[in-house]
>>> print(open('query25.pdb').read())   # PDB, C-alpha atoms and all ligand atoms
ATOM      1  CA  MET A1255      15.684  12.313  -8.370  1.00  0.00           C
ATOM      2  CA  VAL A1256      14.909  10.062  -5.423  1.00  0.00           C
ATOM      3  CA  ARG A1257      12.823   7.831  -7.637  1.00  0.00           C
ATOM      4  CA  ALA A1258      15.718   7.539 -10.098  1.00  0.00           C
ATOM      5  CA  GLU A1259      18.088   6.680  -7.285  1.00  0.00           C
ATOM      6  CA  LEU A1260      15.750   4.053  -5.961  1.00  0.00           C
ATOM      7  CA  GLU A1261      15.245   2.496  -9.340  1.00  0.00           C
ATOM      8  CA  THR A1262      18.910   2.414 -10.244  1.00  0.00           C
ATOM      9  CA  ALA A1263      20.209   1.394  -6.839  1.00  0.00           C
ATOM     10  CA  ASP A1264      18.825  -2.077  -7.288  1.00  0.00           C
ATOM     11  CA  ALA A1265      17.478  -3.171 -10.592  1.00  0.00           C
ATOM     12  CA  VAL A1266      13.810  -3.932 -10.321  1.00  0.00           C
ATOM     13  CA  GLY A1267      11.957  -4.022 -13.597  1.00  0.00           C
ATOM     14  CA  ALA A1268       9.023  -1.650 -13.842  1.00  0.00           C
ATOM     15  CA  ASP A1269       7.058  -4.443 -15.471  1.00  0.00           C
ATOM     16  CA  ASP A1270       7.520  -6.952 -12.694  1.00  0.00           C
ATOM     17  CA  ARG A1271       3.943  -6.908 -11.524  1.00  0.00           C
ATOM     18  CA  GLU A1272       3.853 -10.682 -11.662  1.00  0.00           C
ATOM     19  CA  CYS A1273       6.741 -11.027  -9.230  1.00  0.00           C
ATOM     20  CA  GLU A1274       4.641 -10.467  -6.132  1.00  0.00           C
ATOM     21  CA  ASP A1275       5.232 -13.999  -4.931  1.00  0.00           C
ATOM     22  CA  ARG A1276       8.894 -13.236  -4.513  1.00  0.00           C
ATOM     23  CA  ASP A1277      10.113 -13.476  -0.944  1.00  0.00           C
ATOM     24  CA  TRP A1278      10.911  -9.826  -0.218  1.00  0.00           C
ATOM     25  CA  LEU A1279      12.508 -10.840   3.070  1.00  0.00           C
ATOM     26  CA  ASP A1280      15.613 -11.659   1.049  1.00  0.00           C
ATOM     27  CA  ALA A1281      15.734  -8.302  -0.721  1.00  0.00           C
ATOM     28  CA  SER A1282      17.797  -5.324   0.307  1.00  0.00           C
ATOM     29  CA  ILE A1283      15.918  -2.308   1.630  1.00  0.00           C
ATOM     30  CA  GLY A1284      16.851  -0.415  -1.542  1.00  0.00           C
ATOM     31  CA  GLU A1285      15.491  -3.186  -3.725  1.00  0.00           C
ATOM     32  CA  LEU A1286      12.288  -3.452  -1.713  1.00  0.00           C
ATOM     33  CA  CYS A1287      11.715   0.326  -1.872  1.00  0.00           C
ATOM     34  CA  ALA A1288      12.292   0.344  -5.631  1.00  0.00           C
ATOM     35  CA  HIS A1289       9.785  -2.492  -6.019  1.00  0.00           C
ATOM     36  CA  ILE A1290       7.185  -0.671  -3.902  1.00  0.00           C
ATOM     37  CA  VAL A1291       7.539   2.496  -5.978  1.00  0.00           C
ATOM     38  CA  ALA A1292       7.528   0.732  -9.355  1.00  0.00           C
ATOM     39  CA  VAL A1293       4.652  -1.628  -8.602  1.00  0.00           C
ATOM     40  CA  HIS A1294       2.463  -0.197  -5.856  1.00  0.00           C
ATOM     41  CA  HIS A1295       2.994   3.570  -6.045  1.00  0.00           C
ATOM     42  CA  ASP A1296       2.922   3.754  -9.829  1.00  0.00           C
ATOM     43  CA  GLY A1297      -0.017   1.345  -9.818  1.00  0.00           C
ATOM     44  CA  LEU A1298      -1.942   3.647  -7.485  1.00  0.00           C
ATOM     45  CA  ARG A1299      -1.151   6.675  -9.627  1.00  0.00           C
ATOM     46  CA  GLU A1300      -2.588   4.839 -12.616  1.00  0.00           C
ATOM     47  CA  ALA A1301      -5.642   3.660 -10.688  1.00  0.00           C
ATOM     48  CA  PHE A1302      -6.638   7.020  -9.169  1.00  0.00           C
ATOM     49  CA  PRO A1303      -7.832   8.777 -12.369  1.00  0.00           C
ATOM     50  CA  ARG A1304      -9.243   5.565 -13.867  1.00  0.00           C
ATOM     51  CA  ILE A1305     -11.414   4.833 -10.824  1.00  0.00           C
ATOM     52  CA  GLU A1306     -12.441   8.468 -10.433  1.00  0.00           C
ATOM     53  CA  ALA A1307     -13.644   8.500 -14.043  1.00  0.00           C
ATOM     54  CA  LEU A1308     -15.700   5.351 -13.459  1.00  0.00           C
ATOM     55  CA  LEU A1309     -17.129   6.863 -10.268  1.00  0.00           C
ATOM     56  CA  ALA A1310     -18.067  10.088 -12.054  1.00  0.00           C
ATOM     57  CA  THR A1311     -19.944   8.155 -14.727  1.00  0.00           C
ATOM     58  CA  VAL A1312     -21.767   5.949 -12.244  1.00  0.00           C
ATOM     59  CA  VAL A1313     -22.756   8.923 -10.082  1.00  0.00           C
ATOM     60  CA  ARG A1314     -24.011  10.835 -13.118  1.00  0.00           C
ATOM     61  CA  VAL A1315     -26.159   7.924 -14.295  1.00  0.00           C
ATOM     62  CA  HIS A1316     -27.300   6.376 -11.012  1.00  0.00           C
ATOM     63  CA  GLY A1317     -26.564   8.970  -8.323  1.00  0.00           C
ATOM     64  CA  ALA A1318     -30.110  10.280  -8.038  1.00  0.00           C
ATOM     65  CA  GLU A1319     -31.515   6.848  -7.143  1.00  0.00           C
ATOM     66  CA  HIS A1320     -28.426   5.708  -5.239  1.00  0.00           C
ATOM     67  CA  PRO A1321     -27.048   8.524  -3.077  1.00  0.00           C
ATOM     68  CA  GLU A1322     -24.513   6.136  -1.508  1.00  0.00           C
ATOM     69  CA  LEU A1323     -22.630   6.352  -4.818  1.00  0.00           C
ATOM     70  CA  ARG A1324     -21.988  10.054  -4.174  1.00  0.00           C
ATOM     71  CA  ASP A1325     -20.664   9.166  -0.719  1.00  0.00           C
ATOM     72  CA  LEU A1326     -18.445   6.515  -2.328  1.00  0.00           C
ATOM     73  CA  HIS A1327     -17.131   9.088  -4.795  1.00  0.00           C
ATOM     74  CA  ASP A1328     -16.362  11.590  -2.024  1.00  0.00           C
ATOM     75  CA  ALA A1329     -14.715   8.962   0.193  1.00  0.00           C
ATOM     76  CA  PHE A1330     -12.527   7.756  -2.675  1.00  0.00           C
ATOM     77  CA  CYS A1331     -11.440  11.300  -3.581  1.00  0.00           C
ATOM     78  CA  GLN A1332     -10.525  12.005   0.036  1.00  0.00           C
ATOM     79  CA  LEU A1333      -8.503   8.792   0.258  1.00  0.00           C
ATOM     80  CA  ARG A1334      -6.763   9.670  -3.008  1.00  0.00           C
ATOM     81  CA  THR A1335      -5.716  13.061  -1.625  1.00  0.00           C
ATOM     82  CA  GLU A1336      -4.366  11.484   1.567  1.00  0.00           C
ATOM     83  CA  LEU A1337      -2.538   8.715  -0.294  1.00  0.00           C
ATOM     84  CA  GLU A1338      -0.920  11.078  -2.785  1.00  0.00           C
ATOM     85  CA  ARG A1339       0.631  12.993   0.120  1.00  0.00           C
ATOM     86  CA  HIS A1340       1.608   9.720   1.802  1.00  0.00           C
ATOM     87  CA  LEU A1341       3.353   8.345  -1.296  1.00  0.00           C
ATOM     88  CA  GLU A1342       5.259  11.590  -1.724  1.00  0.00           C
ATOM     89  CA  ARG A1343       6.487  11.489   1.880  1.00  0.00           C
ATOM     90  CA  GLU A1344       7.606   7.890   1.457  1.00  0.00           C
ATOM     91  CA  GLU A1345       9.533   8.600  -1.726  1.00  0.00           C
ATOM     92  CA  THR A1346      11.187  11.773  -0.439  1.00  0.00           C
ATOM     93  CA  VAL A1347      11.757  10.949   3.245  1.00  0.00           C
ATOM     94  CA  LEU A1348      10.973   7.441   4.503  1.00  0.00           C
ATOM     95  CA  PHE A1349      12.514   5.331   1.745  1.00  0.00           C
ATOM     96  CA  PRO A1350      15.737   7.359   1.363  1.00  0.00           C
ATOM     97  CA  THR A1351      16.142   7.377   5.144  1.00  0.00           C
ATOM     98  CA  CYS A1352      15.683   3.609   5.358  1.00  0.00           C
ATOM     99  CA  ARG A1353      18.202   3.102   2.547  1.00  0.00           C
ATOM    100  CA  GLU A1354      20.701   5.325   4.306  1.00  0.00           C
ATOM    101  CA  LEU A1355      20.199   3.348   7.498  1.00  0.00           C
ATOM    102  CA  GLU A1356      20.924   0.105   5.649  1.00  0.00           C
ATOM    103  CA  LEU A1357      23.948   1.452   3.769  1.00  0.00           C
ATOM    104  CA  THR A1358      25.631   3.539   6.454  1.00  0.00           C
ATOM    105  CA  GLY A1359      23.911   2.795   9.739  1.00  0.00           C
ATOM    106  CA  ALA A1360      22.663   6.378   9.904  1.00  0.00           C
ATOM    107  CA  ALA A1361      20.132   7.026  12.640  1.00  0.00           C
ATOM    108  CA  ILE A1362      16.427   6.874  11.925  1.00  0.00           C
ATOM    109  CA  ASP A1363      13.730   8.575  13.959  1.00  0.00           C
ATOM    110  CA  GLU A1364      11.292   6.104  15.491  1.00  0.00           C
ATOM    111  CA  ALA A1365       8.599   8.778  15.148  1.00  0.00           C
ATOM    112  CA  LEU A1366       9.032   8.619  11.362  1.00  0.00           C
ATOM    113  CA  LEU A1367       8.362   4.876  11.338  1.00  0.00           C
ATOM    114  CA  ALA A1368       5.461   5.073  13.777  1.00  0.00           C
ATOM    115  CA  GLY A1369       3.927   7.961  11.843  1.00  0.00           C
ATOM    116  CA  HIS A1370       3.794   5.910   8.660  1.00  0.00           C
ATOM    117  CA  GLU A1371       2.266   2.977  10.509  1.00  0.00           C
ATOM    118  CA  ARG A1372      -0.464   5.285  11.827  1.00  0.00           C
ATOM    119  CA  GLU A1373      -1.155   6.550   8.331  1.00  0.00           C
ATOM    120  CA  HIS A1374      -1.426   2.951   7.126  1.00  0.00           C
ATOM    121  CA  ALA A1375      -3.996   2.267   9.843  1.00  0.00           C
ATOM    122  CA  THR A1376      -5.962   5.327   8.719  1.00  0.00           C
ATOM    123  CA  THR A1377      -5.821   4.037   5.146  1.00  0.00           C
ATOM    124  CA  GLY A1378      -7.190   0.702   6.362  1.00  0.00           C
ATOM    125  CA  ASP A1379     -10.111   2.472   8.009  1.00  0.00           C
ATOM    126  CA  ALA A1380     -10.826   4.379   4.796  1.00  0.00           C
ATOM    127  CA  LEU A1381     -10.752   1.161   2.772  1.00  0.00           C
ATOM    128  CA  GLY A1382     -13.295  -0.315   5.163  1.00  0.00           C
ATOM    129  CA  VAL A1383     -15.603   2.641   4.530  1.00  0.00           C
ATOM    130  CA  LEU A1384     -15.220   2.243   0.754  1.00  0.00           C
ATOM    131  CA  ARG A1385     -16.062  -1.445   0.991  1.00  0.00           C
ATOM    132  CA  VAL A1386     -19.278  -0.744   2.936  1.00  0.00           C
ATOM    133  CA  LEU A1387     -20.359   2.049   0.586  1.00  0.00           C
ATOM    134  CA  ALA A1388     -19.651  -0.222  -2.414  1.00  0.00           C
ATOM    135  CA  GLY A1389     -21.793  -3.098  -1.125  1.00  0.00           C
ATOM    136  CA  ASP A1390     -18.833  -5.336  -0.358  1.00  0.00           C
ATOM    137  CA  TYR A1391     -17.806  -5.136  -4.041  1.00  0.00           C
ATOM    138  CA  ASP A1392     -20.551  -7.613  -4.898  1.00  0.00           C
ATOM    139  CA  VAL A1393     -20.785  -7.457  -8.686  1.00  0.00           C
ATOM    140  CA  GLY A1394     -24.087  -9.333  -8.468  1.00  0.00           C
ATOM    141  CA  GLY A1395     -25.618  -6.019  -7.448  1.00  0.00           C
ATOM    142  CA  ALA A1396     -24.049  -4.037 -10.297  1.00  0.00           C
ATOM    143  CA  LEU A1397     -26.371  -1.454 -11.835  1.00  0.00           C
ATOM    144  CA  CYS A1398     -24.683  -1.500 -15.243  1.00  0.00           C
ATOM    145  CA  ASN A1399     -21.457  -2.579 -16.926  1.00  0.00           C
ATOM    146  CA  THR A1400     -19.652   0.586 -15.813  1.00  0.00           C
ATOM    147  CA  HIS A1401     -20.717  -0.019 -12.221  1.00  0.00           C
ATOM    148  CA  ARG A1402     -19.489  -3.602 -12.500  1.00  0.00           C
ATOM    149  CA  ALA A1403     -16.122  -2.397 -13.813  1.00  0.00           C
ATOM    150  CA  LEU A1404     -15.951   0.088 -10.942  1.00  0.00           C
ATOM    151  CA  LEU A1405     -16.601  -2.602  -8.321  1.00  0.00           C
ATOM    152  CA  GLU A1406     -13.973  -4.886  -9.833  1.00  0.00           C
ATOM    153  CA  ASP A1407     -11.458  -2.052 -10.000  1.00  0.00           C
ATOM    154  CA  LEU A1408     -12.107  -1.021  -6.395  1.00  0.00           C
ATOM    155  CA  ALA A1409     -11.722  -4.613  -5.199  1.00  0.00           C
ATOM    156  CA  ALA A1410      -8.353  -4.834  -6.979  1.00  0.00           C
ATOM    157  CA  PHE A1411      -7.396  -1.432  -5.536  1.00  0.00           C
ATOM    158  CA  GLU A1412      -8.102  -2.761  -2.032  1.00  0.00           C
ATOM    159  CA  ARG A1413      -6.151  -6.000  -2.618  1.00  0.00           C
ATOM    160  CA  ASP A1414      -3.095  -4.131  -3.856  1.00  0.00           C
ATOM    161  CA  LEU A1415      -3.179  -1.704  -0.955  1.00  0.00           C
ATOM    162  CA  HIS A1416      -3.309  -4.597   1.502  1.00  0.00           C
ATOM    163  CA  ARG A1417      -0.199  -6.115  -0.032  1.00  0.00           C
ATOM    164  CA  HIS A1418       1.467  -2.717  -0.322  1.00  0.00           C
ATOM    165  CA  VAL A1419       0.969  -1.954   3.368  1.00  0.00           C
ATOM    166  CA  HIS A1420       2.029  -5.469   4.331  1.00  0.00           C
ATOM    167  CA  GLU A1421       5.343  -4.974   2.536  1.00  0.00           C
ATOM    168  CA  GLU A1422       5.877  -1.619   4.241  1.00  0.00           C
ATOM    169  CA  ASN A1423       4.673  -2.456   7.762  1.00  0.00           C
ATOM    170  CA  ASN A1424       5.814  -6.045   8.117  1.00  0.00           C
ATOM    171  CA  ILE A1425       9.005  -6.034   6.059  1.00  0.00           C
ATOM    172  CA  LEU A1426      10.403  -2.528   5.445  1.00  0.00           C
ATOM    173  CA  ILE A1427       9.521  -0.754   8.690  1.00  0.00           C
ATOM    174  CA  ARG A1428      10.079  -3.853  10.770  1.00  0.00           C
ATOM    175  CA  ARG A1429      13.548  -4.330   9.310  1.00  0.00           C
ATOM    176  CA  ALA A1430      14.415  -0.636   9.670  1.00  0.00           C
ATOM    177  CA  ARG A1431      13.398  -0.748  13.309  1.00  0.00           C
ATOM    178  CA  GLN A1432      15.519  -3.849  13.894  1.00  0.00           C
ATOM    179  CA  LEU A1433      18.532  -2.332  12.107  1.00  0.00           C
ATOM    180  CA  ALA A1434      18.199   0.818  14.194  1.00  0.00           C
ATOM    181  CA  THR A1435      18.030  -0.986  17.502  1.00  0.00           C
ATOM    182  CA  ASP A1436      19.967  -4.224  17.002  1.00  0.00           C
ATOM    183  CA  PRO A1437      21.693  -4.699  13.622  1.00  0.00           C
ATOM    184  CA  GLU A1438      22.938  -8.186  14.510  1.00  0.00           C
ATOM    185  CA  ALA A1439      19.471  -9.362  15.454  1.00  0.00           C
ATOM    186  CA  ALA A1440      18.121  -7.869  12.229  1.00  0.00           C
ATOM    187  CA  HIS A1441      20.502  -9.980  10.166  1.00  0.00           C
ATOM    188  CA  ARG A1442      19.725 -13.100  12.176  1.00  0.00           C
ATOM    189  CA  SER A1443      16.022 -12.488  11.704  1.00  0.00           C
ATOM    190  CA  ALA A1444      16.425 -12.023   7.961  1.00  0.00           C
ATOM    191  CA  ASP A1445      18.483 -15.203   7.744  1.00  0.00           C
ATOM    192  CA  ALA A1446      15.984 -17.219   9.699  1.00  0.00           C
ATOM    193  CA  ALA A1447      13.041 -15.775   7.795  1.00  0.00           C
ATOM    194  CA  ASP A1448      10.741 -17.513  10.197  1.00  0.00           C
ATOM    195  CA  SER A1449       8.925 -14.640  11.824  1.00  0.00           C
ATOM    196  CA  LEU A1450       7.113 -13.226   8.812  1.00  0.00           C
ATOM    197  CA  PRO A1451       4.815 -14.832   6.283  1.00  0.00           C
ATOM    198  CA  ARG A1452       6.282 -15.939   2.962  1.00  0.00           C
ATOM    199  CA  CYS A1453       3.380 -14.371   1.213  1.00  0.00           C
ATOM    200  CA  CYS A1454       0.742 -11.988   2.437  1.00  0.00           C
ATOM    201  CA  GLN A1455      -2.316 -13.973   1.421  1.00  0.00           C
ATOM    202  CA  ALA A1456      -2.953 -15.202   4.950  1.00  0.00           C
ATOM    203  CA  TRP A1457      -2.392 -11.727   6.242  1.00  0.00           C
ATOM    204  CA  ILE A1458      -4.868 -10.282   3.771  1.00  0.00           C
ATOM    205  CA  ALA A1459      -7.487 -12.838   4.794  1.00  0.00           C
ATOM    206  CA  GLU A1460      -6.807 -12.166   8.440  1.00  0.00           C
ATOM    207  CA  GLN A1461      -7.185  -8.446   7.892  1.00  0.00           C
ATOM    208  CA  SER A1462     -10.394  -8.668   5.894  1.00  0.00           C
ATOM    209  CA  ARG A1463     -12.295  -7.174   8.780  1.00  0.00           C
ATOM    210  CA  GLY A1464      -9.611  -4.790   9.882  1.00  0.00           C
ATOM    211  CA  TRP A1465      -6.094  -3.639   9.370  1.00  0.00           C
ATOM    212  CA  ALA A1466      -2.636  -3.897  10.848  1.00  0.00           C
ATOM    213  CA  PRO A1467      -2.592  -3.367  14.603  1.00  0.00           C
ATOM    214  CA  ARG A1468      -2.451   0.264  15.587  1.00  0.00           C
ATOM    215  CA  ARG A1469       0.549   1.370  17.529  1.00  0.00           C
ATOM    216  CA  GLY A1470       0.298   3.582  20.536  1.00  0.00           C
TER     217      GLY A1470
HETATM  218 FE    FE B1501       3.895   3.087  -0.117  1.00  0.00          FE
HETATM  219 FE    FE B1502       2.789   3.553   2.956  1.00  0.00          FE
END
>>> encode(input="query25.pdb", output="structure tokens")
Amino acid sequence: MVRAELETADAVGADDRECEDRDWLDASIGELCAHIVAVHHDGLREAFPRIEALLATVVRVHGAEHPELRDLHDAFCQLRTELERHLEREETVLFPTCRELELTGAAIDEALLAGHEREHATTGDALGVLRVLAGDYDVGGALCNTHRALLEDLAAFERDLHRHVHEENNILIRRARQLATDPEAAHRSADAADSLPRCCQAWIAEQSRGWAPRRG
């Protein structure tokens, strides 16, 4: 129901995966949330079983000689469980609440925003663990074609999550916080569009050894 509302509130094509260079600073909160669900959340839900299947194969074939692959499998499954809960909370609570704030000025709990930022930081830590266990996604060290496909898929998984969290932390949550505390300033900031990056590539590079700053 919430997903349907998000997708119909502002038309964002489900096949717009190539539109990532769009400046989401100009989008409404409803449009941004619909984009995040259609591109990043649905993309994750497609990636989870595909990557788990690759991991299962690689562990079965190479796990005895490479125990780190079992650790990689376990770490990925744990992250999947945490992210599935996180996505559900965003689609049922955070995104509808942010939309309501934008449309009606309804109050939003700062603890809700801060809680999601903390979960994003935890996700960043988990991605760092995956990267170490996967040998920095260096396909030069691939044990077989399936292992190579796994490393490439995990690297893409990490890239998309970086962009996903950037759009939530630095655009959605930032704008919600501004709307909640100073609506006029929020509009001025959006108009100026000078305080956030046009694209997250620099941010991704900057965060290659870490994640968004933790709050509190
Ligand atoms: Fe999300
Ligand atoms: Fe999130």
>>> residues_around(input="query25.pdb", residues="range 1353-1359 of chain A", least_positions_apart="3", cutoff="9 Å", atoms="only C-alpha atoms", output="list in words")
Leu1260, Ser1282, Ile1283, Gly1284, Cys1287, Leu1348, Phe1349, Pro1350, Ile1362, Ala1430, Leu1433, Ala1434 and Pro1437 of chain A
>>> write_last_selection(input="query25.pdb", atoms="C-alpha atoms", output="mmCIF file, keeping the file's coordinate frame")
data_model
loop_
_atom_site.group_PDB
_atom_site.id
_atom_site.type_symbol
_atom_site.label_atom_id
_atom_site.label_comp_id
_atom_site.auth_asym_id
_atom_site.auth_seq_id
_atom_site.Cartn_x
_atom_site.Cartn_y
_atom_site.Cartn_z
ATOM 1 C CA LEU A 1260 15.750 4.053 -5.961
ATOM 2 C CA SER A 1282 17.797 -5.324 0.307
ATOM 3 C CA ILE A 1283 15.918 -2.308 1.630
ATOM 4 C CA GLY A 1284 16.851 -0.415 -1.542
ATOM 5 C CA CYS A 1287 11.715 0.326 -1.872
ATOM 6 C CA LEU A 1348 10.973 7.441 4.503
ATOM 7 C CA PHE A 1349 12.514 5.331 1.745
ATOM 8 C CA PRO A 1350 15.737 7.359 1.363
ATOM 9 C CA ILE A 1362 16.427 6.874 11.925
ATOM 10 C CA ALA A 1430 14.415 -0.636 9.670
ATOM 11 C CA LEU A 1433 18.532 -2.332 12.107
ATOM 12 C CA ALA A 1434 18.199 0.818 14.194
ATOM 13 C CA PRO A 1437 21.693 -4.699 13.622
#
>>> residues_near_ligand(input="query25.pdb", ligand="ligand FE 1501 (chain B)", cutoff="12 Å", atoms="all atoms listed in the file", output="MDAnalysis selection string")
chainID A and resid 1286:1299 1336:1349 1370:1371 1373:1374 1377 1414:1423 1426:1427
>>> write_last_selection(input="query25.pdb", atoms="C-alpha atoms", output="PDB file, in the frame of the given file")
ATOM      1  CA  LEU A1286      12.288  -3.452  -1.713  1.00  0.00           C
ATOM      2  CA  CYS A1287      11.715   0.326  -1.872  1.00  0.00           C
ATOM      3  CA  ALA A1288      12.292   0.344  -5.631  1.00  0.00           C
ATOM      4  CA  HIS A1289       9.785  -2.492  -6.019  1.00  0.00           C
ATOM      5  CA  ILE A1290       7.185  -0.671  -3.902  1.00  0.00           C
ATOM      6  CA  VAL A1291       7.539   2.496  -5.978  1.00  0.00           C
ATOM      7  CA  ALA A1292       7.528   0.732  -9.355  1.00  0.00           C
ATOM      8  CA  VAL A1293       4.652  -1.628  -8.602  1.00  0.00           C
ATOM      9  CA  HIS A1294       2.463  -0.197  -5.856  1.00  0.00           C
ATOM     10  CA  HIS A1295       2.994   3.570  -6.045  1.00  0.00           C
ATOM     11  CA  ASP A1296       2.922   3.754  -9.829  1.00  0.00           C
ATOM     12  CA  GLY A1297      -0.017   1.345  -9.818  1.00  0.00           C
ATOM     13  CA  LEU A1298      -1.942   3.647  -7.485  1.00  0.00           C
ATOM     14  CA  ARG A1299      -1.151   6.675  -9.627  1.00  0.00           C
ATOM     15  CA  GLU A1336      -4.366  11.484   1.567  1.00  0.00           C
ATOM     16  CA  LEU A1337      -2.538   8.715  -0.294  1.00  0.00           C
ATOM     17  CA  GLU A1338      -0.920  11.078  -2.785  1.00  0.00           C
ATOM     18  CA  ARG A1339       0.631  12.993   0.120  1.00  0.00           C
ATOM     19  CA  HIS A1340       1.608   9.720   1.802  1.00  0.00           C
ATOM     20  CA  LEU A1341       3.353   8.345  -1.296  1.00  0.00           C
ATOM     21  CA  GLU A1342       5.259  11.590  -1.724  1.00  0.00           C
ATOM     22  CA  ARG A1343       6.487  11.489   1.880  1.00  0.00           C
ATOM     23  CA  GLU A1344       7.606   7.890   1.457  1.00  0.00           C
ATOM     24  CA  GLU A1345       9.533   8.600  -1.726  1.00  0.00           C
ATOM     25  CA  THR A1346      11.187  11.773  -0.439  1.00  0.00           C
ATOM     26  CA  VAL A1347      11.757  10.949   3.245  1.00  0.00           C
ATOM     27  CA  LEU A1348      10.973   7.441   4.503  1.00  0.00           C
ATOM     28  CA  PHE A1349      12.514   5.331   1.745  1.00  0.00           C
ATOM     29  CA  HIS A1370       3.794   5.910   8.660  1.00  0.00           C
ATOM     30  CA  GLU A1371       2.266   2.977  10.509  1.00  0.00           C
ATOM     31  CA  GLU A1373      -1.155   6.550   8.331  1.00  0.00           C
ATOM     32  CA  HIS A1374      -1.426   2.951   7.126  1.00  0.00           C
ATOM     33  CA  THR A1377      -5.821   4.037   5.146  1.00  0.00           C
ATOM     34  CA  ASP A1414      -3.095  -4.131  -3.856  1.00  0.00           C
ATOM     35  CA  LEU A1415      -3.179  -1.704  -0.955  1.00  0.00           C
ATOM     36  CA  HIS A1416      -3.309  -4.597   1.502  1.00  0.00           C
ATOM     37  CA  ARG A1417      -0.199  -6.115  -0.032  1.00  0.00           C
ATOM     38  CA  HIS A1418       1.467  -2.717  -0.322  1.00  0.00           C
ATOM     39  CA  VAL A1419       0.969  -1.954   3.368  1.00  0.00           C
ATOM     40  CA  HIS A1420       2.029  -5.469   4.331  1.00  0.00           C
ATOM     41  CA  GLU A1421       5.343  -4.974   2.536  1.00  0.00           C
ATOM     42  CA  GLU A1422       5.877  -1.619   4.241  1.00  0.00           C
ATOM     43  CA  ASN A1423       4.673  -2.456   7.762  1.00  0.00           C
ATOM     44  CA  LEU A1426      10.403  -2.528   5.445  1.00  0.00           C
ATOM     45  CA  ILE A1427       9.521  -0.754   8.690  1.00  0.00           C
TER      46      ILE A1427
END
>>> resolve_selection(input="query25.pdb", expression="the PyMOL selection byres (((chain A and resi 1328) around 12) and not hetatm)", output="mmCIF file with C-alpha atoms, in the frame of the given file")
data_model
loop_
_atom_site.group_PDB
_atom_site.id
_atom_site.type_symbol
_atom_site.label_atom_id
_atom_site.label_comp_id
_atom_site.auth_asym_id
_atom_site.auth_seq_id
_atom_site.Cartn_x
_atom_site.Cartn_y
_atom_site.Cartn_z
ATOM 1 C CA GLU A 1306 -12.441 8.468 -10.433
ATOM 2 C CA LEU A 1309 -17.129 6.863 -10.268
ATOM 3 C CA ALA A 1310 -18.067 10.088 -12.054
ATOM 4 C CA VAL A 1313 -22.756 8.923 -10.082
ATOM 5 C CA PRO A 1321 -27.048 8.524 -3.077
ATOM 6 C CA GLU A 1322 -24.513 6.136 -1.508
ATOM 7 C CA LEU A 1323 -22.630 6.352 -4.818
ATOM 8 C CA ARG A 1324 -21.988 10.054 -4.174
ATOM 9 C CA ASP A 1325 -20.664 9.166 -0.719
ATOM 10 C CA LEU A 1326 -18.445 6.515 -2.328
ATOM 11 C CA HIS A 1327 -17.131 9.088 -4.795
ATOM 12 C CA ALA A 1329 -14.715 8.962 0.193
ATOM 13 C CA PHE A 1330 -12.527 7.756 -2.675
ATOM 14 C CA CYS A 1331 -11.440 11.300 -3.581
ATOM 15 C CA GLN A 1332 -10.525 12.005 0.036
ATOM 16 C CA LEU A 1333 -8.503 8.792 0.258
ATOM 17 C CA ARG A 1334 -6.763 9.670 -3.008
ATOM 18 C CA THR A 1335 -5.716 13.061 -1.625
ATOM 19 C CA ALA A 1380 -10.826 4.379 4.796
ATOM 20 C CA VAL A 1383 -15.603 2.641 4.530
ATOM 21 C CA LEU A 1384 -15.220 2.243 0.754
ATOM 22 C CA LEU A 1387 -20.359 2.049 0.586
#
>>> atom_distance(input="query25.pdb", atom1="CA of Val1312 in chain A", atom2="CA of His1401 in chain A")
6.1 Å
>>> atom_distance(input="query25.pdb", atom1="CA of Gly1389 in chain A", atom2="CA of Thr1376 in chain A")
20.5 Å
>>> atom_distance(input="query25.pdb", atom1="CA of Asp1392 in chain A", atom2="CA of Leu1405 in chain A")
7.2 Å
>>> closest_residue(input="query25.pdb", among="A:Arg1385, A:Arg1413, A:Arg1372, A:Arg1429", to="ligand FE 1502 (chain B)", atoms="all atoms listed in the file")
A:Arg1372
>>> closest_residue(input="query25.pdb", among="A:Ile1305, A:Gly1395, A:Arg1428, A:Thr1351", to="Ala1368 in chain A", atoms="only C-alpha atoms")
A:Arg1428
>>> axis_aligned_box(input="query25.pdb", around="range 1397-1416 of chain A", padding_each_side="3 Å", output="lines of an AutoDock Vina configuration file")
center_x = -14.7
center_y = -2.7
center_z = -7.7
size_x = 29.3
size_y = 12.6
size_z = 24.4
>>> closest_residue(input="query25.pdb", among="A:Ala1410, A:Leu1381, A:Gly1369, A:His1316", to="ligand FE 1502 (chain B)", atoms="only C-alpha atoms and all ligand atoms")
A:Gly1369
>>> closest_residue(input="query25.pdb", among="A:Leu1404, A:Val1393, A:Ala1375, A:Cys1398", to="ligand FE 1502 (chain B)", atoms="only C-alpha atoms and all ligand atoms")
A:Ala1375
>>> closest_residue(input="query25.pdb", among="A:Glu1285, A:Phe1302, A:Ala1396, A:Asn1424", to="ligand FE 1502 (chain B)", atoms="only C-alpha atoms and all ligand atoms")
A:Asn1424
>>> closest_residue(input="query25.pdb", among="A:Leu1366, A:Trp1278, A:Leu1397, A:Arg1402", to="ligand FE 1502 (chain B)", atoms="only C-alpha atoms and all ligand atoms")
A:Leu1366
